[in-house]
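**Student:** This is the structure I have questions about; it appears just below.
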Amino acid sequence: DAGITQSPRHKVTETGTPVTLRCHQTENHRYMYWYRQDPGHGLRLIHYSYGVKDTDKGEVSDGYSVSRSKTEDFLLTLESATSSQTSVYFCAISDLTANYGYTFGSGTRLTVV
Amino acid sequence: KQEVTQIPAALSVPEGENLVLNCSFTDSAIYNLQWFRQDPGKGLTSLLLIQSSQREQTSGRLNASLDKSSGRSTLYIAASQPGDSATYLCAVLYNQGGKLIFGQGTELSVKP
């Protein structure tokens with residue numbers, strides 16, 4: 001979507017390696033979110049941020065950490081990747097200026113081998 | 001527990017038909033409700049956003065309605081086209097800046 005980009009789009013990594021996914025927005029939205037999407041589980045919230053340096057855990061946060069040092073960037077780190085973290089990862093943004101409607105990025109397809 | 005359910009899970013219709021996708025939610029104290037479209041291997045595209053004070057929203061051939069008291073929303077697609085084939089997701093927001101709660105989606109196939 002215009003205004004929100006995720007990188008990389010695809011990544012293959014080995015078990016046990018650290019991985020960082022990046023979400024960048026140009027909308028100056030306050031809230032940013034990381035979700036993962038898996039068959040049979042739908043979309044599940046990993047972590048979210050309600051401002052610079054303000055983050056909190058979602059429902060599936062184990063094995064993940066996040067950082068937000070600037071309004072526009074929200075990083076998701078897998079400290080030591082496992083095969084269960086093979087998934088499609090989506091970043092989303094929302095704000096009062098958009099009536100708290102969500103806008104999603106195009107996703108990162110991560111494969112852990 | 002706040003849950004969102006979408007029925008049916010899959011739907012196949014001939015081109016040109018009008019159709020309705022259903023979404024229900026267990027807690028009626030919503031802030032807003034959003035309908036998304038997802039094509040295979042792609043991200044989520046927002047179709048319509050309905051605030052809790054609104055009854056419906058329209059965009060082109062799409063019309064979404066909201067009935068908070070009964071915990072239901074419908075997405076009406078007029079004159080369906082093969083290009084409408086995708087998965088449609090309903091999601092509910094209960095708090096400003098909070099977590100979206102998603103239904104499992106309806107996979108729509110429109111046959112030429």
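Naming scheme: A, B, ... for chains in displayed order of the structure tokens; residues 1 onward per chain; ligands 1 onward as shown.
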Which of region 16-101 of chain A counts as strand (DSSP E) under DSSP, as JSON, numbers by chain please?
**Tutor:** {"A": [19, 20, 21, 22, 23, 24, 25, 31, 32, 33, 34, 35, 36, 37, 38, 42, 43, 44, 45, 46, 47, 48, 49, 50, 51, 54, 55, 56, 57, 64, 65, 66, 67, 68, 69, 70, 73, 74, 75, 76, 77, 78, 87, 88, 89, 90, 91, 92, 93, 94]}
**Student:** Each residue of chain B lying at most 10 Å from chain A should get a row with its shortest atom-to-atom pair and the distance in Å to one decimal, counting only C-alpha atoms; could you produce that, ordered by chain and increasing number, as CSV?
**Tutor:**
```
residue,atom,partner,partner_atom,distance
B:Tyr31,CA,A:Tyr100,CA,8.9
B:Asn32,CA,A:Gly101,CA,7.9
B:Leu33,CA,A:Gly101,CA,8.4
B:Gln34,CA,A:Gly101,CA,7.1
B:Phe36,CA,A:Tyr102,CA,9.7
B:Gly41,CA,A:Gly107,CA,9.0
B:Lys42,CA,A:Ser106,CA,6.3
B:Gly43,CA,A:Ser106,CA,4.5
B:Leu44,CA,A:Phe104,CA,5.9
B:Thr45,CA,A:Phe104,CA,7.1
B:Ser46,CA,A:Thr103,CA,6.9
B:Leu48,CA,A:Gly101,CA,9.1
B:Leu49,CA,A:Gly101,CA,6.5
B:Ile50,CA,A:Gly101,CA,9.0
B:Gln51,CA,A:Asn99,CA,8.0
B:Leu89,CA,A:Gly42,CA,9.8
B:Ala91,CA,A:Tyr102,CA,9.8
B:Leu93,CA,A:Tyr100,CA,8.5
B:Asn95,CA,A:Tyr100,CA,9.1
B:Gln96,CA,A:Tyr100,CA,6.4
B:Gly97,CA,A:Tyr31,CA,6.2
B:Gly98,CA,A:Tyr31,CA,8.6
B:Lys99,CA,A:Leu45,CA,7.4
B:Leu100,CA,A:Tyr102,CA,8.3
B:Ile101,CA,A:Leu43,CA,8.5
B:Phe102,CA,A:Leu43,CA,6.8
B:Gly103,CA,A:Gly42,CA,7.8
B:Gln104,CA,A:Gly42,CA,5.9
B:Gly105,CA,A:Gly42,CA,8.3
```
**Student:** Tell me, as a PyMOL selection string, which residues lie within 9 Å of Ser87 (chain A), counting only C-alpha atoms; anything in the same chain fewer than 5 positions away does not count.
**Tutor:** chain A and resi 36-38+108-112
**Student:** Residues as selected, N, CA, C and O atoms, written as a tab-separated table (two decimals), in the first residue's frame, can you do that?
**Tutor:**
```tsv
chain	number	residue	atom	x	y	z
A	36	ARG	N	1.21	-11.98	12.07
A	36	ARG	CA	1.61	-13.10	11.24
A	36	ARG	C	0.35	-13.80	10.75
A	36	ARG	O	-0.68	-13.81	11.45
A	37	GLN	N	0.43	-14.35	9.54
A	37	GLN	CA	-0.72	-15.04	8.97
A	37	GLN	C	-0.32	-16.46	8.60
A	37	GLN	O	0.63	-16.67	7.84
A	38	ASP	N	-1.07	-17.41	9.13
A	38	ASP	CA	-0.79	-18.82	8.90
A	38	ASP	C	-2.09	-19.54	8.57
A	38	ASP	O	-3.14	-19.24	9.14
A	108	THR	N	5.87	-9.82	4.30
A	108	THR	CA	7.17	-10.47	4.12
A	108	THR	C	6.96	-11.97	4.29
A	108	THR	O	6.45	-12.40	5.33
A	109	ARG	N	7.35	-12.71	3.28
A	109	ARG	CA	7.24	-14.18	3.37
A	109	ARG	C	8.57	-14.72	3.89
A	109	ARG	O	9.59	-14.62	3.21
A	110	LEU	N	8.53	-15.26	5.11
A	110	LEU	CA	9.76	-15.76	5.76
A	110	LEU	C	9.72	-17.28	5.82
A	110	LEU	O	8.75	-17.86	6.30
A	111	THR	N	10.80	-17.90	5.36
A	111	THR	CA	10.94	-19.34	5.45
A	111	THR	C	12.17	-19.66	6.29
A	111	THR	O	13.26	-19.17	5.99
A	112	VAL	N	11.98	-20.45	7.32
A	112	VAL	CA	13.08	-20.86	8.20
A	112	VAL	C	13.36	-22.34	7.92
A	112	VAL	O	12.49	-23.19	8.12
```
**Student:** Which is closest to Ala78 (chain B) among B:Gln2, B:Gln38, B:Ser109, B:Ser59, if we use only C-alpha atoms?
**Tutor:**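 Closest to Ala78 (chain B) of all the choices is B:Ser59.
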**Student:** Give me the residues near region 11-20 of chain B as a PyMOL selection string, where near means some atom within 8 Å (using only C-alpha atoms) and where sequence neighbours in that chain fewer than 2 positions away do not count.
**Tutor:** chain B and resi 8-9+22+74-82+106-112
**Student:** Which residues come within 7 Å of region 21-29 of chain A, counting only C-alpha atoms, excluding same-chain residues fewer than 2 positions away, as a PyMOL selection string?
**Tutor:** chain A and resi 3-8+19+31+71-77+91+93-95
**Student:** Within 10 Å of Ser69 (chain B), counting only C-alpha atoms, which residues show up once you throw out same-chain ones fewer than 6 positions away? Write them as a ChimeraX atom specification, please.
**Tutor:** /B:27-29
**Student:** Have a look at CA of Lys68 (chain B) and CA of Trp34 (chain A) and let me know their distance in Å, one decimal.
**Tutor:**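 So the two atoms, CA of Lys68 (chain B) and CA of Trp34 (chain A), lie 27.9 Å apart.
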**Student:** What is the CA of Ser84 (chain A)-CA of Thr55 (chain A) distance in Å, reported with one decimal?
**Tutor:** 23.4 Å
**Student:** Work out how far apart CA of Ala86 (chain B) and CA of Val60 (chain A) are and give it in Å to one decimal.
**Tutor:**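 Result for CA of Ala86 (chain B) versus CA of Val60 (chain A): 26.6 Å, one decimal.
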